[in-house]
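File shown: coords32.csv. Contents: CSV, C-alpha atoms.
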```
chain,number,residue,atom,x,y,z
A,697,MET,CA,6.2,-6.8,33.2
A,698,GLN,CA,7.5,-10.3,33.8
A,699,GLU,CA,4.0,-11.7,33.3
A,700,ARG,CA,3.7,-10.0,29.9
A,701,GLU,CA,7.1,-11.3,28.8
A,702,ALA,CA,6.2,-14.8,29.9
A,703,ALA,CA,2.9,-14.6,28.0
A,704,GLU,CA,4.7,-13.4,24.9
A,705,LYS,CA,7.3,-16.2,25.1
A,706,LYS,CA,4.4,-18.7,25.5
A,707,ARG,CA,2.6,-17.2,22.4
A,708,LEU,CA,5.9,-17.3,20.5
A,709,SER,CA,6.5,-20.9,21.4
A,710,LYS,CA,3.0,-21.9,20.3
A,711,LEU,CA,3.4,-20.0,17.0
A,712,ALA,CA,6.8,-21.7,16.4
A,713,ARG,CA,5.1,-25.1,16.9
A,714,VAL,CA,2.2,-24.2,14.6
A,715,TYR,CA,4.6,-23.1,11.8
A,716,ALA,CA,6.8,-26.1,12.3
A,717,SER,CA,3.8,-28.4,11.9
A,718,MET,CA,2.8,-26.8,8.6
A,719,LYS,CA,4.0,-27.9,5.2
A,720,ALA,CA,7.2,-26.0,4.4
A,721,ASP,CA,5.6,-24.3,1.4
A,722,ALA,CA,2.7,-22.9,3.3
A,723,ALA,CA,4.8,-21.9,6.3
A,724,ALA,CA,7.3,-20.1,4.0
A,725,GLU,CA,4.5,-18.1,2.3
A,726,ALA,CA,2.9,-17.2,5.6
A,727,LEU,CA,6.1,-16.2,7.3
A,728,GLY,CA,7.0,-14.2,4.2
A,729,ASN,CA,3.8,-12.1,4.8
A,730,LEU,CA,4.7,-11.3,8.4
A,731,ASP,CA,6.7,-8.4,9.5
A,732,THR,CA,10.4,-9.1,9.8
A,733,ASP,CA,10.7,-9.1,13.6
A,734,THR,CA,7.9,-11.6,14.0
A,735,ALA,CA,9.2,-13.9,11.3
A,736,ILE,CA,12.7,-13.9,12.8
A,737,LEU,CA,11.4,-14.5,16.3
A,738,ILE,CA,9.3,-17.5,15.1
A,739,LEU,CA,12.1,-19.0,13.0
A,740,GLN,CA,14.6,-18.7,15.9
A,741,LYS,CA,12.2,-20.5,18.2
A,742,MET,CA,11.8,-23.4,15.8
A,743,ASP,CA,14.0,-26.5,15.6
A,744,ASP,CA,16.8,-26.4,13.0
A,745,ASP,CA,15.2,-28.9,10.7
A,746,ALA,CA,11.9,-27.0,10.4
A,747,THR,CA,13.7,-23.7,10.0
A,748,ALA,CA,15.8,-25.1,7.3
A,749,GLN,CA,12.9,-26.6,5.4
A,750,ILE,CA,10.9,-23.3,5.6
A,751,LEU,CA,13.9,-21.1,4.6
A,752,ALA,CA,14.5,-23.5,1.6
A,753,LYS,CA,11.0,-22.7,0.3
A,754,MET,CA,11.3,-18.9,0.7
A,755,ASP,CA,12.6,-16.5,-1.9
A,756,PRO,CA,16.4,-17.0,-1.8
A,757,VAL,CA,17.2,-13.3,-1.3
A,758,ILE,CA,14.8,-13.0,1.6
A,759,ALA,CA,15.9,-16.3,3.2
A,760,ALA,CA,19.5,-15.1,3.0
A,761,GLN,CA,18.7,-11.8,4.5
A,762,LEU,CA,16.7,-13.3,7.4
A,763,THR,CA,19.5,-15.8,8.0
A,764,GLN,CA,22.0,-13.0,8.1
A,765,MET,CA,19.8,-11.0,10.5
A,766,MET,CA,19.4,-14.1,12.8
A,767,PHE,CA,23.1,-14.6,12.8
A,768,GLU,CA,23.8,-11.0,13.7
A,769,GLY,CA,21.0,-10.7,16.1
A,770,VAL,CA,19.8,-7.7,14.1
A,771,GLN,CA,16.2,-7.0,13.2
A,772,ARG,CA,14.3,-4.6,10.9
A,773,LYS,CA,17.1,-4.6,8.3
A,774,VAL,CA,14.9,-5.8,5.4
A,775,ALA,CA,11.3,-5.6,4.5
A,776,LEU,CA,9.4,-8.7,3.7
A,777,PRO,CA,7.0,-8.8,0.7
A,778,GLN,CA,3.9,-7.7,2.7
A,779,GLU,CA,5.8,-4.7,4.0
A,780,VAL,CA,7.1,-3.8,0.5
A,781,ARG,CA,3.5,-4.0,-0.8
A,782,GLN,CA,2.2,-1.8,2.0
A,783,ALA,CA,5.0,0.8,1.4
A,784,LEU,CA,4.4,0.8,-2.3
A,785,GLU,CA,0.6,1.3,-1.9
A,786,GLU,CA,1.2,4.1,0.5
A,787,GLN,CA,3.6,5.8,-1.9
A,788,ARG,CA,1.1,5.4,-4.7
A,789,ARG,CA,-1.6,7.0,-2.6
A,790,GLN,CA,0.7,9.9,-1.8
A,791,GLU,CA,1.6,10.4,-5.4
A,792,GLU,CA,-2.0,10.4,-6.4
A,793,ALA,CA,-2.8,13.0,-3.8
A,794,ILE,CA,0.0,15.3,-5.0
A,795,GLU,CA,-1.1,14.8,-8.6
A,796,GLU,CA,-4.7,15.7,-7.7
A,797,GLU,CA,-3.5,18.9,-6.0
A,798,ALA,CA,-1.4,19.9,-9.0
A,799,THR,CA,-4.0,19.2,-11.7
A,800,PRO,CA,-6.2,22.2,-12.3
A,801,GLU,CA,-9.9,21.4,-12.6
A,802,PRO,CA,-11.2,21.6,-16.2
A,803,ALA,CA,-13.3,24.6,-17.1
A,804,VAL,CA,-17.0,23.7,-17.2
A,805,GLU,CA,-18.7,25.1,-20.2
A,806,SER,CA,-22.3,25.8,-20.1
A,807,ALA,CA,-24.8,26.9,-22.6
A,808,TYR,CA,-25.9,29.6,-20.2
A,809,GLU,CA,-22.4,31.1,-20.0
A,810,GLU,CA,-22.4,32.2,-23.7
A,811,GLU,CA,-22.9,35.9,-24.3
A,812,TYR,CA,-26.5,36.7,-24.7
A,813,VAL,CA,-27.4,38.5,-28.0
A,814,GLU,CA,-30.7,40.3,-28.0
A,815,PRO,CA,-32.7,39.4,-31.1
A,816,GLU,CA,-33.7,42.3,-33.3
A,817,SER,CA,-37.1,43.5,-32.5
A,818,VAL,CA,-39.6,43.2,-35.2
A,819,TYR,CA,-41.9,45.7,-33.5
A,820,GLU,CA,-39.5,48.6,-33.3
A,821,GLY,CA,-39.1,48.8,-37.0
A,822,SER,CA,-35.6,47.7,-36.8
A,823,VAL,CA,-35.6,46.3,-40.3
A,824,GLN,CA,-32.9,48.4,-41.8
A,825,GLN,CA,-33.3,49.7,-45.2
A,826,ASP,CA,-30.5,50.0,-47.6
A,827,GLU,CA,-29.6,53.7,-47.6
A,828,THR,CA,-28.0,53.5,-51.0
A,829,ALA,CA,-31.3,53.0,-52.7
```

If you took the structure in this file and wrote it as structure tokens, what would it be?
Amino acid sequence: MQEREAAEKKRLSKLARVYASMKADAAAEALGNLDTDTAILILQKMDDDATAQILAKMDPVIAAQLTQMMFEGVQRKVALPQEVRQALEEQRRQEEAIEEEATPEPAVESAYEEEYVEPESVYEGSVQQDETA
């Protein structure tokens, strides 16, 4: 257990160094596509200058929410853009599935389904004569 935690801290420190060495625009975009927990952990591990530069390049609403969550020590309060996109895509798929179930299949018309009418037979003397004559 302690080995796993130590390995996780080491990976987190490395990620924080990687993001800190990136241009702020690129780091802000990349962090914006991570899940909230990971983004917060990385930002908290970075030095203040790098964190400030990255937050400044993020969407102001998301930056404010992440900042508030870091201050409170709370995670999973907001969804970052990637999470929102995934949730909307899942919702769209569910709505399509419901719509497909509710939509009746159109009737298939076929030339063979028409009522068959037997032609009059010429051989049976079926030519009718006018009885009024």

Worksheet item: CA of Met697 in chain A and CA of Leu727 in chain A, how far apart in Å?
Response: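 Value for the CA of Leu727 in chain A-CA of Met697 in chain A distance: 27.6 Å.
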
Worksheet item: With only C-alpha atoms as the basis for distance, which of A:Leu708, A:Leu751, A:Met765, A:Ala720 is at the shortest distance from Thr734 in chain A?
Response: A:Leu708

Fill in: 10 Å contact set for Met766 in chain A, all atoms listed in the file, chain neighbours under 6 positions out, as a VMD selection string
chain A and resid 736 to 737 739 to 740 760

Worksheet item: By how many Å are CA of Leu730 in chain A and CA of Glu699 in chain A apart?
Response: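 Between CA of Leu730 in chain A and CA of Glu699 in chain A the gap is 24.9 Å.
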
Discussion item. Which residues are near range 741-750 of chain A? Cut-off 12 Å, all atoms listed in the file, ignore same chain within fewer than 4 positions. Put them as JSON, numbers by chain.
Written reply: {"A": [705, 706, 707, 708, 709, 710, 711, 712, 713, 714, 715, 716, 717, 718, 719, 720, 721, 722, 723, 724, 725, 726, 727, 728, 734, 735, 736, 737, 754, 755, 756, 758, 759, 760, 762, 763, 766]}

Worksheet item: In Å, with one decimal, what is the gap from CA of Asp731 in chain A to CA of Gln761 in chain A?
Response: 13.4 Å
